[in-house]
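Chemist: Please find model_24.txt (compact mmCIF, C-alpha atoms and all ligand atoms) on the next line:
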# COMPACT_ATOMS: atom_id res chain seq x y z
CA MET C 19 127.94 -24.08 -36.46
CA GLN C 20 126.97 -27.74 -36.51
CA CYS C 21 123.88 -29.46 -35.19
CA SER C 22 123.93 -33.09 -34.09
CA PRO C 23 120.85 -35.33 -34.59
CA ASP C 24 119.81 -34.77 -30.96
CA GLY C 25 119.84 -31.03 -31.45
CA ALA C 26 123.03 -30.22 -29.57
CA ILE C 27 124.87 -27.26 -31.02
CA ALA C 28 128.61 -27.04 -31.55
CA TRP C 29 129.87 -23.54 -32.00
CA HIS C 30 132.70 -22.73 -34.27
CA ALA C 31 134.07 -19.38 -35.23
CA PRO C 32 137.06 -18.33 -37.36
CA ASP C 33 139.24 -17.29 -34.41
CA GLN C 34 139.27 -16.42 -30.72
CA ALA C 35 138.41 -12.77 -31.34
CA THR C 36 135.20 -13.66 -33.13
CA LEU C 37 131.98 -13.77 -31.14
CA ALA C 38 129.13 -16.01 -32.26
CA LEU C 39 125.79 -14.23 -31.76
CA GLY C 40 123.31 -16.76 -33.15
CA VAL C 41 121.07 -17.14 -36.18
CA TRP C 42 119.12 -14.18 -37.48
CA GLN C 43 117.10 -14.24 -40.71
CA GLY C 44 118.53 -17.65 -41.57
CA ARG C 45 122.21 -16.76 -41.29
CA TRP C 46 124.76 -17.03 -38.52
CA ARG C 47 125.84 -13.65 -37.20
CA TYR C 48 129.25 -12.93 -35.72
CA ALA C 49 130.95 -9.96 -34.15
CA SER C 50 134.66 -9.22 -34.18
CA VAL C 51 136.64 -7.59 -31.40
CA VAL C 52 138.98 -4.90 -32.68
CA SER C 53 141.61 -3.07 -30.66
CA ASP C 54 141.15 0.29 -32.35
CA VAL C 55 138.03 1.82 -33.88
CA PRO C 56 138.89 3.25 -37.30
CA ASP C 57 138.15 6.93 -37.72
CA GLN C 58 135.56 6.34 -40.42
CA PRO C 59 132.03 7.71 -40.70
CA ASP C 60 130.46 4.25 -41.00
CA TRP C 61 131.56 3.38 -37.44
CA ARG C 62 128.83 4.61 -35.11
CA SER C 63 127.98 4.05 -31.47
CA VAL C 64 125.44 1.39 -30.53
CA ARG C 65 123.67 3.89 -28.30
CA ARG C 66 123.10 6.21 -31.25
CA CYS C 67 122.06 3.46 -33.67
CA ALA C 68 119.75 1.56 -31.32
CA THR C 69 116.75 3.76 -32.11
CA GLN C 70 117.11 3.02 -35.84
CA TRP C 71 117.38 -0.75 -35.50
CA SER C 72 114.73 -3.39 -35.17
CA PRO C 73 114.47 -5.00 -31.71
CA ALA C 74 116.25 -8.11 -33.08
CA GLU C 75 119.13 -6.04 -34.44
CA ALA C 76 119.43 -4.14 -31.17
CA ASP C 77 119.46 -7.44 -29.25
CA LEU C 78 122.28 -8.75 -31.46
CA ALA C 79 124.29 -5.57 -30.96
CA GLY C 80 123.73 -5.72 -27.22
CA MET C 81 124.86 -9.33 -27.12
CA ALA C 82 127.97 -8.45 -29.10
CA MET C 83 128.81 -5.63 -26.70
CA ALA C 84 128.33 -7.85 -23.65
CA LEU C 85 130.55 -10.60 -25.10
CA ALA C 86 133.19 -8.07 -26.19
CA HIS C 87 133.27 -6.66 -22.66
CA PHE C 88 133.63 -10.18 -21.29
CA ALA C 89 136.60 -10.83 -23.59
CA HIS C 90 138.23 -7.52 -22.65
CA SER C 91 137.68 -7.80 -18.90
CA HIS C 92 138.58 -11.50 -18.55
CA ARG C 93 142.08 -11.80 -20.00
CA PHE C 94 143.67 -13.34 -16.91
CA CYS C 95 142.43 -15.82 -14.34
CA PRO C 96 141.59 -14.04 -11.04
CA ARG C 97 142.41 -17.24 -9.12
CA CYS C 98 145.81 -18.26 -10.50
CA GLY C 99 146.86 -15.35 -12.76
CA SER C 100 147.22 -17.45 -15.92
CA ALA C 101 146.15 -16.08 -19.29
CA LEU C 102 142.61 -17.13 -20.19
CA GLN C 103 141.81 -18.75 -23.50
CA ALA C 104 138.44 -18.18 -25.16
CA LEU C 105 136.42 -21.15 -26.30
CA PRO C 106 135.05 -20.77 -29.83
CA GLY C 107 132.08 -18.41 -29.87
CA GLY C 108 133.34 -16.25 -27.00
CA ARG C 109 130.96 -17.36 -24.24
CA GLN C 110 133.48 -19.14 -22.06
CA ARG C 111 137.10 -18.48 -21.11
CA ASN C 112 139.28 -21.07 -19.36
CA CYS C 113 142.71 -21.08 -17.75
CA PRO C 114 145.24 -23.97 -17.93
CA GLU C 115 144.44 -24.91 -14.32
CA GLY C 116 140.85 -25.68 -15.25
CA HIS C 117 139.18 -22.54 -13.89
CA GLN C 118 136.21 -21.59 -16.03
CA PHE C 119 134.60 -18.19 -16.55
CA PHE C 120 131.38 -17.14 -18.19
CA PRO C 121 129.86 -13.74 -19.03
CA ARG C 122 128.40 -12.25 -15.88
CA LEU C 123 125.64 -9.72 -15.32
CA ASP C 124 125.21 -6.97 -12.76
CA PRO C 125 121.52 -6.79 -11.80
CA ALA C 126 120.12 -3.28 -11.52
CA VAL C 127 116.64 -1.98 -10.79
CA ILE C 128 114.88 0.84 -12.59
CA MET C 129 111.57 2.06 -11.25
CA ALA C 130 108.56 4.10 -12.23
CA VAL C 131 107.70 5.78 -8.90
CA TYR C 132 104.20 7.27 -9.03
CA ASP C 133 101.98 9.08 -6.56
CA ASP C 134 98.24 9.31 -5.86
CA HIS C 135 97.96 12.58 -7.79
CA GLY C 136 98.64 11.23 -11.29
CA ARG C 137 102.34 12.11 -11.28
CA LEU C 138 105.55 10.24 -12.08
CA LEU C 139 108.88 10.87 -10.38
CA LEU C 140 111.82 11.72 -12.65
CA GLY C 141 115.36 12.67 -11.72
CA ARG C 142 118.60 13.58 -13.44
CA GLN C 143 122.33 13.22 -12.91
CA SER C 144 124.60 16.21 -13.37
CA THR C 145 126.52 14.47 -16.17
CA TRP C 146 123.43 14.08 -18.38
CA PRO C 147 122.62 16.43 -21.26
CA GLU C 148 120.79 19.58 -20.21
CA GLY C 149 117.07 19.00 -19.64
CA MET C 150 117.31 15.19 -19.63
CA MET C 151 115.15 13.53 -16.96
CA SER C 152 114.48 9.85 -16.34
CA VAL C 153 113.14 7.36 -13.84
CA LEU C 154 115.37 6.42 -10.92
CA ALA C 155 117.69 3.42 -11.10
CA GLY C 156 120.42 1.71 -9.13
CA PHE C 157 122.35 -1.51 -8.69
CA VAL C 158 121.15 -4.42 -6.58
CA ASP C 159 123.47 -4.69 -3.59
CA ALA C 160 124.88 -7.91 -2.10
CA GLY C 161 122.23 -9.75 -0.10
CA GLU C 162 119.31 -7.77 -1.55
CA THR C 163 116.33 -8.82 -3.61
CA PRO C 164 115.49 -6.49 -6.51
CA GLU C 165 112.47 -5.31 -4.50
CA ASP C 166 114.76 -4.44 -1.56
CA ALA C 167 116.95 -2.47 -3.95
CA VAL C 168 113.94 -0.50 -5.30
CA ARG C 169 112.89 0.51 -1.78
CA ARG C 170 116.45 1.38 -0.70
CA GLU C 171 117.37 3.36 -3.83
CA VAL C 172 114.19 5.45 -3.77
CA MET C 173 114.65 6.23 -0.08
CA GLU C 174 118.37 7.04 -0.52
CA GLU C 175 117.98 9.25 -3.58
CA VAL C 176 114.79 11.19 -2.84
CA GLY C 177 113.66 10.24 0.69
CA ILE C 178 110.43 8.60 -0.50
CA ASP C 179 108.91 5.56 1.20
CA VAL C 180 107.24 3.19 -1.26
CA ASP C 181 104.76 0.30 -1.35
CA THR C 182 105.67 -3.18 -2.60
CA PRO C 183 107.26 -2.86 -6.09
CA HIS C 184 105.58 -4.64 -9.00
CA TYR C 185 107.70 -6.15 -11.76
CA ILE C 186 107.05 -4.73 -15.24
CA GLY C 187 109.82 -6.10 -17.47
CA ALA C 188 113.56 -6.29 -18.08
CA GLN C 189 116.18 -5.20 -20.58
CA PRO C 190 119.82 -6.27 -20.99
CA TRP C 191 121.93 -3.13 -20.75
CA PRO C 192 125.43 -3.95 -22.00
CA PHE C 193 127.06 -0.70 -20.81
CA PRO C 194 128.95 -2.70 -19.82
CA GLN C 195 127.17 -5.71 -18.29
CA SER C 196 123.91 -4.81 -16.56
CA LEU C 197 120.52 -6.46 -16.57
CA MET C 198 117.89 -3.78 -15.89
CA LEU C 199 114.85 -5.02 -13.95
CA GLY C 200 111.92 -2.64 -14.36
CA TYR C 201 109.37 -2.00 -11.60
CA ALA C 202 106.36 0.18 -10.87
CA VAL C 203 106.01 1.34 -7.30
CA ARG C 204 103.60 3.68 -5.51
CA ALA C 205 104.99 6.43 -3.30
CA ARG C 206 103.59 6.70 0.24
CA ASN C 207 104.72 10.30 0.60
CA THR C 208 105.53 12.99 -1.97
CA VAL C 209 107.87 15.50 -0.31
CA LEU C 210 111.27 14.99 -1.94
CA THR C 211 114.49 15.04 0.08
CA ILE C 212 117.10 14.85 -2.66
CA ASP C 213 120.54 13.35 -2.00
CA HIS C 214 122.60 15.63 -4.24
CA ALA C 215 125.56 13.25 -4.03
CA GLU C 216 123.42 10.79 -6.04
CA ILE C 217 121.28 12.97 -8.29
CA GLU C 218 121.24 16.61 -9.29
CA HIS C 219 117.48 17.17 -9.39
CA ALA C 220 114.18 15.29 -9.13
CA ASP C 221 110.53 16.28 -9.42
CA TRP C 222 107.02 14.99 -10.09
CA PHE C 223 105.56 15.23 -13.61
CA ASP C 224 101.97 14.78 -14.83
CA ARG C 225 100.97 12.95 -18.00
CA GLU C 226 100.27 16.13 -19.94
CA THR C 227 103.78 17.45 -19.34
CA LEU C 228 105.37 14.15 -20.32
CA GLN C 229 103.19 13.97 -23.43
CA ARG C 230 104.57 17.35 -24.53
CA ALA C 231 108.12 16.18 -23.81
CA ALA C 232 107.58 12.90 -25.67
CA SER C 233 106.37 14.77 -28.73
CA ALA C 234 109.30 17.19 -28.46
CA GLN C 235 106.98 20.15 -27.79
CA ASP C 236 108.58 20.96 -24.45
CA CYS C 237 112.16 21.90 -25.22
CA ALA C 238 113.08 22.28 -21.56
CA LEU C 239 112.39 18.62 -20.79
CA HIS C 240 113.99 15.72 -22.65
CA LEU C 241 113.18 12.06 -22.12
CA SER C 242 115.51 9.15 -22.65
CA ASN C 243 116.02 7.13 -25.82
CA PRO C 244 112.78 5.34 -26.90
CA ALA C 245 114.73 2.06 -27.10
CA SER C 246 115.69 2.21 -23.42
CA ILE C 247 113.74 0.56 -20.63
CA SER C 248 113.65 3.91 -18.80
CA ARG C 249 111.63 5.43 -21.64
CA ARG C 250 109.50 2.31 -21.94
CA LEU C 251 108.57 2.59 -18.26
CA ILE C 252 107.67 6.25 -18.73
CA ASP C 253 105.53 5.46 -21.78
CA TYR C 254 103.92 2.48 -20.04
CA TRP C 255 102.89 4.80 -17.19
CA ARG C 256 101.56 7.34 -19.69
CA TYR C 257 99.40 4.86 -21.59
CA HIS C 258 98.46 2.28 -18.94
CA PRO C 259 97.24 4.07 -15.81
CA GLU C 260 95.40 0.91 -14.78
CA ALA C 261 98.78 -0.75 -14.13
CA PHE C 262 99.61 1.92 -11.53
CA PRO C 263 96.81 1.64 -8.97
CA CYS C 264 96.29 4.32 -6.30
CA PRO C 265 94.22 2.77 -3.48
CA SER C 266 93.59 6.08 -1.76
CA ALA C 267 92.82 8.11 -4.88
ZN ZN T 1 143.22 -20.21 -13.10
Let's see the structure in the file written out as structure tokens.
Ligand SMILES: [Zn+2]
Modeler:
Amino acid sequence: MQCSPDGAIAWHAPDQATLALGVWQGRWRYASVVSDVPDQPDWRSVRRCATQWSPAEADLAGMAMALAHFAHSHRFCPRCGSALQALPGGRQRNCPEGHQFFPRLDPAVIMAVYDDHGRLLLGRQSTWPEGMMSVLAGFVDAGETPEDAVRREVMEEVGIDVDTPHYIGAQPWPFPQSLMLGYAVRARNTVLTIDHAEIEHADWFDRETLQRAASAQDCALHLSNPASISRRLIDYWRYHPEAFPCPSA
């Protein structure tokens, strides 16, 4: 990496398969794309390691995964079919005809739906580990705002009408290229009509029940990884009731 006097940065990396991630603790960090993962015990999944890393380390790993997915999924130009060449650093890929491509993101919404009785809505998909429950989520569709997507997804999945969603925070989710936008939203009704094509089960949970689950006292209920935005939304609801107003309560 070189810096010019006006602060512009020129990336350089050893080869096209190397991804430049940025400076952390005074040193440049890179990631390499490999075609096969060696069967060695020191190779572990990012999902499993994320809870043991600092936020900065998890961010670097997430960036590496996003850039690796970009390299893997953008090998040929979708406009002219030519092979794409990566620019040093891995954040741009060009074809000989001058078409340029950059890492893209799929926006998704994830929402803490709460009611006027001190309860949070959690659901689960059939493919999840037994007992795992989490807040609802879904992709933003073409032509939608994130708030539209919150209202549509909650209605589609559990038949609940909601108030205006309030933005809480976001998290890049490089599995493979999502940006999760977190919302809190109050339910206007509480009778669930579950679309079993979308989710296996959903129910309302009070703070006491989720406290037991968070402290691993309730073996029947498991919450998501503490590093995930889904768990952060659940914990935010548990500890900050003032951020989830109930006008009629
Ligand atoms: Zn092209």
Chemist: How many Å lie between CA of Ser246 (chain C) and CA of Glu216 (chain C), rounded to one decimal?
Modeler: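 That distance, rounded to one decimal, is 20.9 Å.
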Chemist: Within 12 Å of ligand ZN 1 (chain T), counting all atoms listed in the file, which protein or nucleic acid residues do you find, written as a VMD selection string?
Modeler: chain C and resid 92 to 103 111 to 119
Chemist: Which is closest to Pro147 (chain C) among C:Phe262, C:Gln43, C:Ala35, C:His240, if we use all atoms listed in the file?
Modeler: C:His240
Chemist: Do you know which residues are at most 9 Å from Leu78 (chain C) counting all atoms listed in the file, after dropping those on the same chain fewer than 2 positions away, and could you put them as an NGL selection string?
Modeler: :C and (39-40 or 42 or 47 or 73-76 or 80-83)
Chemist: If you measure from CA of Val51 (chain C) to CA of Ala126 (chain C), what distance in Å do you get, rounded to one decimal?
Modeler: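 Computing it gives 26.2 Å between the two atoms.
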Chemist: Counting only C-alpha atoms, note down every residue that has an atom within 8 Å of the point (131.6, -10.8, -22.1) (file coordinates), as a PyMOL selection string.
Modeler: chain C and resi 83-92+108-109+120-122+195
Chemist: Dump as JSON lines the rows for residues of region 38-130 of chain C within 12 Å of region 159-175 of chain C: closest atom pair and distance in Å with one decimal, only C-alpha atoms counted, ordered by chain and rising residue number.
Modeler:
{"residue": "C:Asp124", "atom": "CA", "partner": "C:Asp159", "partner_atom": "CA", "distance": 9.6}
{"residue": "C:Pro125", "atom": "CA", "partner": "C:Pro164", "partner_atom": "CA", "distance": 8.0}
{"residue": "C:Ala126", "atom": "CA", "partner": "C:Pro164", "partner_atom": "CA", "distance": 7.5}
{"residue": "C:Val127", "atom": "CA", "partner": "C:Val168", "partner_atom": "CA", "distance": 6.3}
{"residue": "C:Ile128", "atom": "CA", "partner": "C:Val168", "partner_atom": "CA", "distance": 7.5}
{"residue": "C:Met129", "atom": "CA", "partner": "C:Val168", "partner_atom": "CA", "distance": 6.9}
{"residue": "C:Ala130", "atom": "CA", "partner": "C:Val168", "partner_atom": "CA", "distance": 9.9}
Chemist: List the spatial neighbours of Glu226 (chain C) as a list in words - criterion: any atom at most 10 Å away, only C-alpha atoms, same-chain residues fewer than 4 positions off excluded.
Modeler: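 These residues fall inside the cut-off: Arg137, Arg230, Ala231, Ala232 and Arg256 of chain C.
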Chemist: Record the distance separating CA of Phe193 (chain C) and CA of Gly44 (chain C), expressed in Å with one decimal.
Modeler: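 Calculated distance between CA of Phe193 (chain C) and CA of Gly44 (chain C) is 28.1 Å.
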Chemist: Excluding Ser144 (chain C) and its own-chain neighbours fewer than 6 positions away, which residues fall within 9 Å of it when counting all atoms listed in the file? Please give them as a list of chain:residue names.
Modeler: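 Skipping anything fewer than 6 positions along the chain leaves C:Ile217, C:Glu218, C:His219.
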Chemist: My list of candidates is C:Leu241, C:Leu228, C:Val131, C:Leu210. Which is closest to Thr182 (chain C) when distances are computed with only C-alpha atoms?
Modeler: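 Closest residue, counting only C-alpha atoms: C:Val131.
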Chemist: Considering all atoms listed in the file, state which residue in the set C:Val41, C:Ile186, C:Val176, C:Leu105 is at the smallest distance from Thr211 (chain C).
Modeler: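 Between C:Val41, C:Ile186, C:Val176, C:Leu105, the residue approaching Thr211 (chain C) most closely is C:Val176.
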Chemist: Place a sphere of radius 8 Å on (115.1, -0.5, -29.1) in the file coordinates and name every protein, DNA or RNA residue with an atom inside or on its surface, counting all atoms listed in the file; give the answer as number ranges by chain.
Modeler: C: 68-73, 76, 244-246
Chemist: May I have the residues within 9 Å of Gly187 (chain C) as a ChimeraX atom specification, using all atoms listed in the file and disregarding those fewer than 5 positions away in the same chain?
Modeler: /C:198-201,247,251
Chemist: I need the residue nearest Val158 (chain C) from this list: C:Pro183, C:Ser196, C:Asp133, C:Ala234. Use all atoms listed in the file for the distance.
Modeler: C:Ser196
Chemist: For Cys264 (chain C), find every residue with an atom within 9 Å (counting only C-alpha atoms), except residues of its own chain fewer than 4 positions away, and show them as a list in words.
Modeler: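 These residues fall inside the cut-off: Tyr132, Asp133, Asp134, His135, Gly136 and Arg204 of chain C.
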